[in-house]
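One file, protein_36.txt, is given below (compact mmCIF, C-alpha atoms).
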```txt
# COMPACT_ATOMS: atom_id res chain seq x y z
CA MET A 1 -14.00 -22.46 8.33
CA THR A 2 -12.90 -19.69 6.01
CA PHE A 3 -10.25 -17.25 7.15
CA SER A 4 -9.83 -13.74 5.82
CA ASP A 5 -6.66 -12.83 3.93
CA HIS A 6 -5.36 -10.92 6.93
CA GLU A 7 -5.96 -13.93 9.19
CA LEU A 8 -4.17 -16.21 6.76
CA MET A 9 -1.20 -13.85 6.65
CA TYR A 10 -1.14 -13.74 10.44
CA ARG A 11 -1.31 -17.55 10.71
CA SER A 12 1.37 -17.91 8.06
CA ARG A 13 3.60 -15.59 10.09
CA LEU A 14 3.18 -17.92 13.05
CA GLY A 15 4.49 -20.78 10.93
CA ASP A 16 1.24 -22.26 9.62
CA ALA A 17 2.35 -23.45 6.15
CA ALA A 18 -1.20 -24.52 5.23
CA ALA A 19 -2.38 -20.94 5.72
CA PHE A 20 0.11 -19.65 3.17
CA ASP A 21 -0.86 -22.44 0.75
CA GLU A 22 -4.48 -21.43 1.07
CA LEU A 23 -3.59 -17.79 0.43
CA VAL A 24 -1.71 -18.78 -2.73
CA ARG A 25 -4.55 -20.96 -3.97
CA ARG A 26 -7.04 -18.17 -3.31
CA TRP A 27 -5.07 -15.51 -5.19
CA GLU A 28 -3.08 -17.33 -7.87
CA SER A 29 -5.81 -17.02 -10.51
CA PRO A 30 -6.66 -13.33 -9.98
CA VAL A 31 -2.99 -12.39 -9.80
CA GLY A 32 -2.20 -14.57 -12.82
CA ARG A 33 -5.01 -12.93 -14.79
CA VAL A 34 -3.77 -9.42 -14.01
CA VAL A 35 -0.09 -10.20 -14.58
CA ALA A 36 -0.83 -11.94 -17.89
CA ARG A 37 -2.77 -8.92 -19.15
CA LEU A 38 -0.15 -6.47 -17.91
CA LEU A 39 2.67 -8.36 -19.60
CA GLY A 40 0.80 -9.36 -22.74
CA ALA A 41 2.21 -12.29 -24.66
CA GLY A 42 5.24 -13.89 -23.09
CA SER A 43 6.39 -16.93 -21.24
CA ASP A 44 7.41 -15.13 -18.04
CA VAL A 45 3.92 -14.76 -16.56
CA GLU A 46 4.30 -17.79 -14.27
CA ASP A 47 7.74 -16.65 -13.14
CA VAL A 48 6.41 -13.20 -12.25
CA CYS A 49 3.47 -14.72 -10.36
CA GLN A 50 5.86 -16.98 -8.51
CA GLU A 51 7.95 -13.95 -7.58
CA VAL A 52 4.83 -12.11 -6.36
CA PHE A 53 4.05 -14.86 -3.87
CA LEU A 54 7.67 -15.21 -2.92
CA ARG A 55 7.67 -11.54 -1.95
CA VAL A 56 4.48 -12.06 0.03
CA LEU A 57 6.19 -14.95 1.82
CA ARG A 58 9.26 -12.87 2.58
CA ALA A 59 7.22 -9.86 3.70
CA ARG A 60 4.86 -11.77 6.00
CA ASP A 61 6.75 -10.71 9.15
CA ARG A 62 6.53 -7.06 8.17
CA TYR A 63 2.95 -7.26 6.90
CA GLN A 64 0.56 -4.85 8.56
CA GLU A 65 -3.15 -4.96 8.33
CA ASN A 66 -3.75 -1.49 6.98
CA GLY A 67 -5.89 -1.48 3.88
CA ALA A 68 -7.08 -4.37 1.80
CA PHE A 69 -4.80 -7.35 1.24
CA SER A 70 -5.73 -7.31 -2.45
CA THR A 71 -4.39 -3.80 -3.03
CA TRP A 72 -1.10 -4.71 -1.34
CA LEU A 73 -0.84 -7.88 -3.41
CA TYR A 74 -1.69 -6.13 -6.68
CA ARG A 75 0.81 -3.39 -5.94
CA ILE A 76 3.54 -6.03 -5.69
CA ALA A 77 2.30 -7.62 -8.93
CA LEU A 78 2.17 -4.25 -10.70
CA ASN A 79 5.72 -3.32 -9.65
CA LEU A 80 7.09 -6.68 -10.77
CA ALA A 81 5.23 -6.47 -14.07
CA ARG A 82 6.67 -2.98 -14.65
CA ASP A 83 10.18 -4.28 -13.92
CA THR A 84 9.66 -7.17 -16.34
CA LEU A 85 8.41 -4.85 -19.08
CA ARG A 86 11.40 -2.57 -18.56
CA ARG A 87 13.74 -5.56 -18.84
CA ARG A 88 11.93 -6.76 -21.95
CA LYS A 89 12.23 -3.34 -23.54
CA ARG A 90 15.94 -3.31 -22.77
CA TRP A 91 16.46 -6.63 -24.52
CA SER A 92 13.92 -6.11 -27.29
CA TRP A 93 16.65 -5.28 -29.82
CA LEU A 94 17.67 -8.93 -29.64
CA SER A 95 14.36 -10.22 -30.96
CA LEU A 96 11.85 -9.16 -33.56
CA ALA A 97 9.13 -6.88 -32.28
CA THR A 98 6.17 -9.19 -31.83
CA GLU A 99 3.79 -6.28 -31.81
CA GLU A 100 4.69 -5.36 -35.38
CA LEU A 101 4.24 -8.95 -36.50
CA GLU A 102 0.83 -9.10 -34.87
CA SER A 103 -0.40 -5.80 -36.26
CA SER A 104 0.58 -6.75 -39.79
CA ALA A 105 -1.89 -9.63 -39.72
CA ALA A 106 -5.39 -8.26 -39.24
CA PRO A 107 -7.85 -10.91 -40.38
CA ALA A 108 -11.45 -10.10 -41.21
CA ALA A 109 -13.86 -10.55 -38.33
CA GLN A 110 -16.00 -13.09 -40.13
CA ASP A 111 -12.99 -15.42 -40.49
CA LEU A 112 -12.25 -15.38 -36.83
CA ASP A 113 -13.48 -17.98 -34.45
CA ARG A 114 -14.01 -17.16 -30.82
CA GLN A 115 -10.49 -18.11 -29.74
CA GLU A 116 -8.86 -16.01 -32.44
CA LEU A 117 -11.09 -13.10 -31.50
CA GLY A 118 -9.89 -13.44 -27.94
CA ARG A 119 -6.33 -13.24 -29.17
CA GLU A 120 -7.10 -10.18 -31.26
CA VAL A 121 -8.60 -8.45 -28.23
CA GLU A 122 -5.51 -9.43 -26.29
CA PHE A 123 -3.27 -7.84 -28.93
CA ALA A 124 -5.43 -4.72 -28.95
CA LEU A 125 -5.10 -4.55 -25.18
CA ALA A 126 -1.33 -5.00 -25.39
CA ALA A 127 -1.19 -2.15 -27.92
CA LEU A 128 -2.62 0.33 -25.39
CA PRO A 129 -0.14 2.73 -23.79
CA GLN A 130 1.12 1.26 -20.53
CA PRO A 131 -0.51 3.84 -18.17
CA LEU A 132 -3.92 3.18 -19.73
CA ARG A 133 -3.44 -0.58 -19.84
CA GLU A 134 -2.43 -0.74 -16.17
CA VAL A 135 -5.57 0.92 -14.84
CA LEU A 136 -7.86 -0.95 -17.21
CA VAL A 137 -6.34 -4.32 -16.33
CA LEU A 138 -6.49 -3.65 -12.59
CA LYS A 139 -10.08 -2.43 -12.88
CA HIS A 140 -11.41 -5.08 -15.21
CA PHE A 141 -9.32 -8.19 -14.61
CA GLY A 142 -8.39 -7.43 -11.02
CA GLN A 143 -12.02 -6.49 -10.31
CA LEU A 144 -10.97 -3.65 -8.05
CA THR A 145 -12.99 -0.54 -7.35
CA PHE A 146 -11.73 2.76 -8.73
CA ALA A 147 -10.62 3.73 -5.22
CA GLU A 148 -8.63 0.50 -4.90
CA VAL A 149 -6.99 0.99 -8.30
CA ALA A 150 -6.03 4.47 -7.11
CA VAL A 151 -4.38 2.95 -4.03
CA VAL A 152 -2.50 0.35 -6.09
CA THR A 153 -1.23 2.80 -8.69
CA GLY A 154 -0.81 5.80 -6.41
CA LEU A 155 -2.94 7.95 -8.74
CA PRO A 156 -5.92 10.13 -7.81
CA ALA A 157 -9.25 8.29 -8.27
CA SER A 158 -10.39 10.90 -10.81
CA THR A 159 -7.29 10.19 -12.95
CA VAL A 160 -7.97 6.46 -12.71
CA LYS A 161 -11.54 6.96 -13.96
CA SER A 162 -10.54 9.14 -16.87
CA ARG A 163 -7.77 6.70 -17.82
CA VAL A 164 -10.17 3.74 -17.75
CA GLN A 165 -12.55 5.66 -19.99
CA SER A 166 -9.74 6.58 -22.40
CA ALA A 167 -8.48 3.00 -22.36
CA LEU A 168 -11.90 1.64 -23.34
CA GLU A 169 -12.17 4.20 -26.15
CA ARG A 170 -8.65 3.40 -27.40
CA LEU A 171 -9.41 -0.31 -27.23
CA ARG A 172 -12.43 0.18 -29.41
CA SER A 173 -10.52 2.14 -32.04
CA GLU A 174 -7.64 -0.37 -31.91
CA LEU A 175 -10.07 -3.21 -32.59
CA SER A 176 -11.58 -1.26 -35.50
CA ARG A 177 -8.08 -0.65 -36.84
CA ARG A 178 -7.50 -4.40 -36.77
CA GLY A 179 -10.60 -4.82 -38.91
CA ILE A 180 -12.86 -5.98 -36.14
CA ASP A 181 -16.24 -4.32 -36.12
CA GLN A 182 -17.69 -4.87 -32.69
CA GLN A 183 -21.19 -5.42 -34.07
CA ASP A 184 -19.91 -8.48 -35.97
CA LEU A 185 -18.41 -10.22 -33.00
CA PRO A 186 -20.10 -13.39 -31.86
CA SER A 187 -21.70 -13.01 -28.47
CA MET B 1 -27.70 16.52 -14.75
CA ASN B 2 -26.23 17.84 -17.99
CA CYS B 3 -24.02 16.05 -20.56
CA ALA B 4 -20.75 17.33 -19.07
CA ASP B 5 -21.68 15.95 -15.63
CA ALA B 6 -22.92 12.69 -17.14
CA LYS B 7 -19.73 12.08 -19.09
CA LEU B 8 -17.75 12.29 -15.87
CA ILE B 9 -19.65 9.43 -14.29
CA LEU B 10 -20.23 7.15 -17.26
CA VAL B 11 -17.47 4.74 -16.21
CA ASP B 12 -18.81 4.70 -12.65
CA LEU B 13 -22.19 3.78 -14.07
CA LEU B 14 -20.61 1.20 -16.34
CA TYR B 15 -18.90 -0.56 -13.43
CA GLY B 16 -21.80 -0.05 -11.01
CA GLU B 17 -19.96 2.27 -8.67
CA LEU B 18 -22.62 4.95 -8.29
CA ASN B 19 -24.89 5.12 -5.29
CA ALA B 20 -28.62 4.70 -5.86
CA ALA B 21 -29.39 8.43 -6.09
CA GLU B 22 -26.54 9.15 -8.51
CA ALA B 23 -27.45 6.13 -10.65
CA THR B 24 -31.08 7.25 -10.86
CA SER B 25 -30.05 10.76 -11.81
CA ALA B 26 -27.65 9.44 -14.46
CA ARG B 27 -30.27 7.10 -15.93
CA GLU B 28 -32.77 9.93 -16.10
CA HIS B 29 -30.29 11.95 -18.12
CA LEU B 30 -29.49 8.98 -20.38
CA ALA B 31 -33.18 8.44 -21.08
CA GLU B 32 -33.29 11.93 -22.57
CA CYS B 33 -29.83 12.18 -24.15
CA ALA B 34 -29.03 10.03 -27.17
CA SER B 35 -25.41 11.19 -27.33
CA CYS B 36 -24.60 10.07 -23.77
CA ARG B 37 -26.56 6.87 -24.31
CA GLN B 38 -24.43 6.14 -27.36
CA GLU B 39 -21.25 6.94 -25.47
CA LEU B 40 -22.22 4.53 -22.68
CA ALA B 41 -23.10 1.84 -25.21
CA ARG B 42 -19.66 2.21 -26.83
CA LEU B 43 -17.89 1.89 -23.48
CA GLU B 44 -20.07 -1.10 -22.59
CA SER B 45 -19.24 -2.78 -25.87
CA SER B 46 -15.48 -2.28 -25.33
CA ARG B 47 -15.76 -3.66 -21.83
CA GLU B 48 -17.57 -6.72 -23.18
CA GLN B 49 -14.70 -7.35 -25.60
CA LEU B 50 -12.34 -7.70 -22.69
CA ASN B 51 -14.31 -10.71 -21.51
CA ARG B 52 -13.36 -12.50 -24.76
CA VAL B 53 -9.71 -12.65 -23.80
CA THR B 54 -8.73 -16.28 -23.41
CA GLU B 55 -8.02 -17.33 -19.86
CA ARG B 56 -4.71 -19.06 -19.25
CA PRO B 57 -4.84 -20.42 -15.75
CA VAL B 58 -1.74 -19.87 -13.67
CA ARG B 59 -0.85 -22.53 -11.14
CA ILE B 60 1.77 -21.74 -8.56
CA ASP B 61 4.02 -24.68 -7.76
CA LEU B 62 4.30 -24.35 -3.99
CA ALA B 63 7.25 -26.75 -3.71
CA ARG B 64 9.17 -24.74 -6.31
CA LEU B 65 8.15 -21.54 -4.58
CA CYS B 66 9.58 -22.73 -1.25
CA LEU B 67 12.73 -24.00 -2.94
CA ARG B 68 13.22 -20.69 -4.73
CA GLY B 69 12.61 -18.83 -1.48
CA ALA B 70 15.23 -20.93 0.31
CA GLU B 71 17.72 -20.38 -2.54
CA GLN B 72 17.15 -16.64 -2.50
CA TRP B 73 17.52 -16.54 1.27
CA GLU B 74 20.79 -18.49 1.11
CA ARG B 75 22.10 -16.30 -1.71
CA SER B 76 21.23 -13.14 0.20
CA ARG B 77 22.87 -14.53 3.38
CA ARG B 78 26.04 -15.31 1.45
CA ARG B 79 26.04 -11.87 -0.18
CA TRP B 80 25.70 -10.09 3.18
CA ARG B 81 28.46 -12.26 4.67
CA ARG B 82 30.76 -11.30 1.78
CA ILE B 83 29.87 -7.62 2.22
CA GLY B 84 30.60 -7.95 5.97
CA TYR B 85 34.05 -9.47 5.34
CA ALA B 86 34.88 -6.79 2.78
CA ALA B 87 33.76 -4.00 5.13
CA ALA B 88 35.79 -5.43 8.03
CA ALA B 89 38.89 -5.73 5.82
CA ALA B 90 38.42 -2.15 4.59
CA VAL B 91 38.07 -0.84 8.17
CA ILE B 92 41.23 -2.68 9.26
CA LEU B 93 43.24 -1.40 6.27
CA ILE B 94 42.05 2.17 6.76
CA GLY B 95 42.82 1.90 10.50
CA ILE B 96 46.36 0.72 9.80
CA PHE B 97 46.91 3.46 7.24
CA VAL B 98 45.59 6.19 9.54
CA ALA B 99 47.59 4.89 12.51
CA ARG B 100 50.75 5.07 10.45
CA GLN B 101 50.06 8.56 9.15
CA VAL B 102 48.72 10.46 12.14
CA ARG B 103 50.88 11.67 15.01
CA PHE B 104 49.47 12.50 18.42
CA GLU B 105 51.52 14.69 20.74
CA VAL B 106 51.01 16.75 23.86
CA GLN B 107 52.81 20.06 23.63
CA ASP B 108 52.49 22.89 26.17
CA GLY B 109 49.42 21.25 27.66
CA GLN B 110 47.72 20.97 24.27
CA MET B 111 46.96 17.88 22.31
CA LEU B 112 48.33 18.03 18.81
CA ILE B 113 47.01 15.77 16.11
CA ALA B 114 48.86 16.08 12.85
CA TRP B 115 48.99 14.36 9.53
CA ARG B 116 52.49 13.22 8.76
CA HIS B 117 53.31 14.59 5.30
CA VAL B 118 57.01 14.00 5.54
CA PRO B 119 58.51 11.10 7.45
CA PRO B 120 60.51 12.40 10.45
CA GLN B 121 63.72 10.86 9.20
CA ASN B 122 63.60 13.23 6.19
CA VAL B 123 63.51 16.37 8.35
CA GLN B 124 66.84 18.10 8.23
CA PRO B 125 68.14 20.62 10.80
CA LEU B 126 67.00 24.14 9.95
CA PRO B 127 69.47 26.85 8.96
CA THR B 128 70.51 29.36 11.57
CA SER B 129 69.88 32.63 9.73
CA LEU B 130 67.89 34.24 6.98
CA GLU B 131 70.86 34.19 4.72
CA ASN B 132 70.50 30.46 4.53
CA PRO B 133 66.76 29.94 4.03
CA PRO B 134 65.34 26.50 4.77
CA SER B 135 65.76 24.28 1.78
CA GLN B 136 63.38 21.61 2.89
CA GLN B 137 59.77 21.73 3.94
CA MET B 138 59.40 21.20 7.66
CA ALA B 139 57.21 18.39 8.89
CA SER B 140 53.66 19.59 9.50
CA VAL B 141 53.80 18.57 13.11
CA ASP B 142 56.76 20.92 13.63
CA TYR B 143 54.85 23.83 12.10
CA LEU B 144 51.93 23.14 14.35
CA ARG B 145 54.09 22.81 17.44
CA LEU B 146 55.87 26.08 16.76
CA ARG B 147 52.77 27.95 15.79
CA THR B 148 51.12 26.82 19.02
CA ARG B 149 54.08 28.02 21.01
CA ILE B 150 54.16 31.42 19.31
CA LEU B 151 50.44 31.90 19.89
CA ASN B 152 50.66 30.78 23.52
CA GLN B 153 53.60 32.97 24.39
CA GLY B 154 52.39 35.95 22.38
CA THR B 155 55.75 36.28 20.74
CA ASP B 156 55.93 39.12 18.29
CA ILE B 157 58.06 37.46 15.69
CA ALA B 158 58.72 40.76 13.89
CA ASN B 159 60.72 42.04 16.86
CA ALA B 160 61.95 38.75 18.26
CA PRO B 161 65.54 37.67 17.90
CA ASP B 162 65.69 35.94 14.61
CA VAL B 163 67.11 32.68 15.83
CA PHE B 164 65.72 30.56 18.61
CA ILE B 165 66.50 27.10 19.84
CA ASP B 166 63.84 24.57 19.08
CA GLU B 167 63.54 22.51 22.26
CA PRO B 168 62.44 19.12 20.99
CA THR B 169 65.20 18.91 18.43
CA ASN B 170 67.56 21.23 20.29
CA SER B 171 68.49 22.89 17.02
CA PRO B 172 68.53 26.59 16.08
CA ARG B 173 65.66 27.92 13.97
CA SER B 174 64.80 31.18 12.27
CA TYR B 175 61.55 32.93 13.29
CA ARG B 176 61.37 34.84 10.01
CA ALA B 177 61.86 31.75 7.98
CA LEU B 178 59.22 30.11 10.10
CA ARG B 179 56.86 33.06 9.55
CA ASP B 180 57.44 32.93 5.81
CA GLN B 181 56.72 29.25 5.83
CA LEU B 182 53.59 29.66 7.94
CA LEU B 183 52.29 32.40 5.65
CA SER B 184 53.26 30.67 2.44
CA PRO B 185 50.37 29.42 0.24
CA ASN B 186 51.34 25.82 0.93
CA GLN B 187 50.27 26.20 4.56
```
Mind converting the file's structure to structure tokens?
Amino acid sequence: MTFSDHELMYRSRLGDAAAFDELVRRWESPVGRVVARLLGAGSDVEDVCQEVFLRVLRARDRYQENGAFSTWLYRIALNLARDTLRRRKRWSWLSLATEELESSAAPAAQDLDRQELGREVEFALAALPQPLREVLVLKHFGQLTFAEVAVVTGLPASTVKSRVQSALERLRSELSRRGIDQQDLPS
Amino acid sequence: MNCADAKLILVDLLYGELNAAEATSAREHLAECASCRQELARLESSREQLNRVTERPVRIDLARLCLRGAEQWERSRRRWRRIGYAAAAAVILIGIFVARQVRFEVQDGQMLIAWRHVPPQNVQPLPTSLENPPSQQMASVDYLRLRTRILNQGTDIANAPDVFIDEPTNSPRSYRALRDQLLSPNQ
């Protein structure tokens, strides 16, 4: 029998540990995907994901079934990712800026295998301004509707749409800047 | 539908978020408009690139999660206990300080609450005439007591005999000196 997210939260509140485990197993990949793309390269993705579910665990008594569970979960993930990025920025003077290192090496598309191409796209995504990256990641990797992204980010749906469109256009030009012509990419 | 309208819903079309009627209308426009078709193709191509990003599966360690939760709970409990102790100590110290500084007295049927600026032992007997003005500031509680009496009895201190006997201390005092003190900027 499959329970909905709300039911699992309710059962977990009543002390059903298996219900919380199931909730974590159901959402760890989607949340991990979104957090990884929001943070870009870095080793703290797992820690942030862990913290997301820890907050869910702590908030289970206060949890109310208004709206989709996914938007609530992604809002927690987004806030934690923002905090992590802020912390990273604060400490960035201690380390070399990885972004600069990455952008200096722009190999020709024909030399890239599929995995390297994936990395290049990842770097291009990380180079997007944070407001654009957030909506694009939530829309594409979180597979949310525009209305749901609007709920998560607190922006009007029309702003979300225009930001997604701008993000896709910026991504394209960023890939071109890195010497990747999209026609040449292997399918 | 014209190009301006179409451009507003290209991302909706891209992510399949238009209803059937809107989608049909948009496709009809695209069939006739090469520019919008090209725009949609560009957005589609950028979206496809995002699928090339390498997946790094995130696995939440539930045992670690519970352990971390328990640690955080314990840390927060300890922090609140420390804050509680500090607050209680602060309240006790402030209470002792206030109790030592404030004097409560009932004078002429009125409750007087006064802040003790000068310890009573430092109050010296007042001079008996204007020729010998008071050399020392009277205690605030004495000012208040005398002011209350003057107001209650309606004494016109301009025409009153200059010297009166202060009952609590049974010592002579000068009304004019008292008036000067009451009207002085320090009051």
Enter the distance from CA of Leu171 in chain A to CA of Ala124 in chain A, in Å, rounded to one decimal.
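Spanning CA of Leu171 in chain A to CA of Ala124 in chain A is a straight-line distance of 6.2 Å.
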Just checking: using only C-alpha atoms, which residue out of A:Ala77, A:Arg33, A:Val160, A:Val121 ends up closest to Ser46 in chain B?
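Distance minimum relative to Ser46 in chain B lands on A:Val121.
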Contact residues (chain B, partner chain A, 7 Å, all atoms listed in the file) as a list in words
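The complete set of qualifying residues is Val11, Leu43, Ser46, Arg47, Gln49, Leu50, Arg52, Val53, Thr54, Pro57, Val58, Arg59, Ile60, Leu65 and Gly69 of chain B.
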Which residues are near Arg37 in chain B? Cut-off 12 Å, all atoms listed in the file, ignore same chain within fewer than 4 positions. Put them as a list in words.
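The residues that qualify are Cys3, Ala6, Lys7, Leu10, Leu13, Leu14, Ala26, Arg27, Glu28, His29, Leu30, Ala31, Glu32, Cys33, Ala41, Arg42, Leu43 and Glu44 of chain B.
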Nearest residue to Thr24 in chain B from the set B:Ser76, B:Glu39, B:Trp115, B:Met1 (distances using all atoms listed in the file):
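For Thr24 in chain B, the nearest of the candidates is B:Met1.
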How far is it from CA of Asp61 in chain A to CA of Leu155 in chain A, in Å with one decimal?
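Atom-to-atom, CA of Asp61 in chain A to CA of Leu155 in chain A, that is 27.6 Å.
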Measure the distance from CA of Ser35 in chain B to CA of Arg177 in chain A in Å and round it to one decimal.
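Spanning CA of Ser35 in chain B to CA of Arg177 in chain A is a straight-line distance of 23.0 Å.
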Taking into account only C-alpha atoms, which residue in the set A:Tyr74, A:Leu128, A:Arg163, A:Lys89 is nearest to Glu148 in chain A?
A:Tyr74
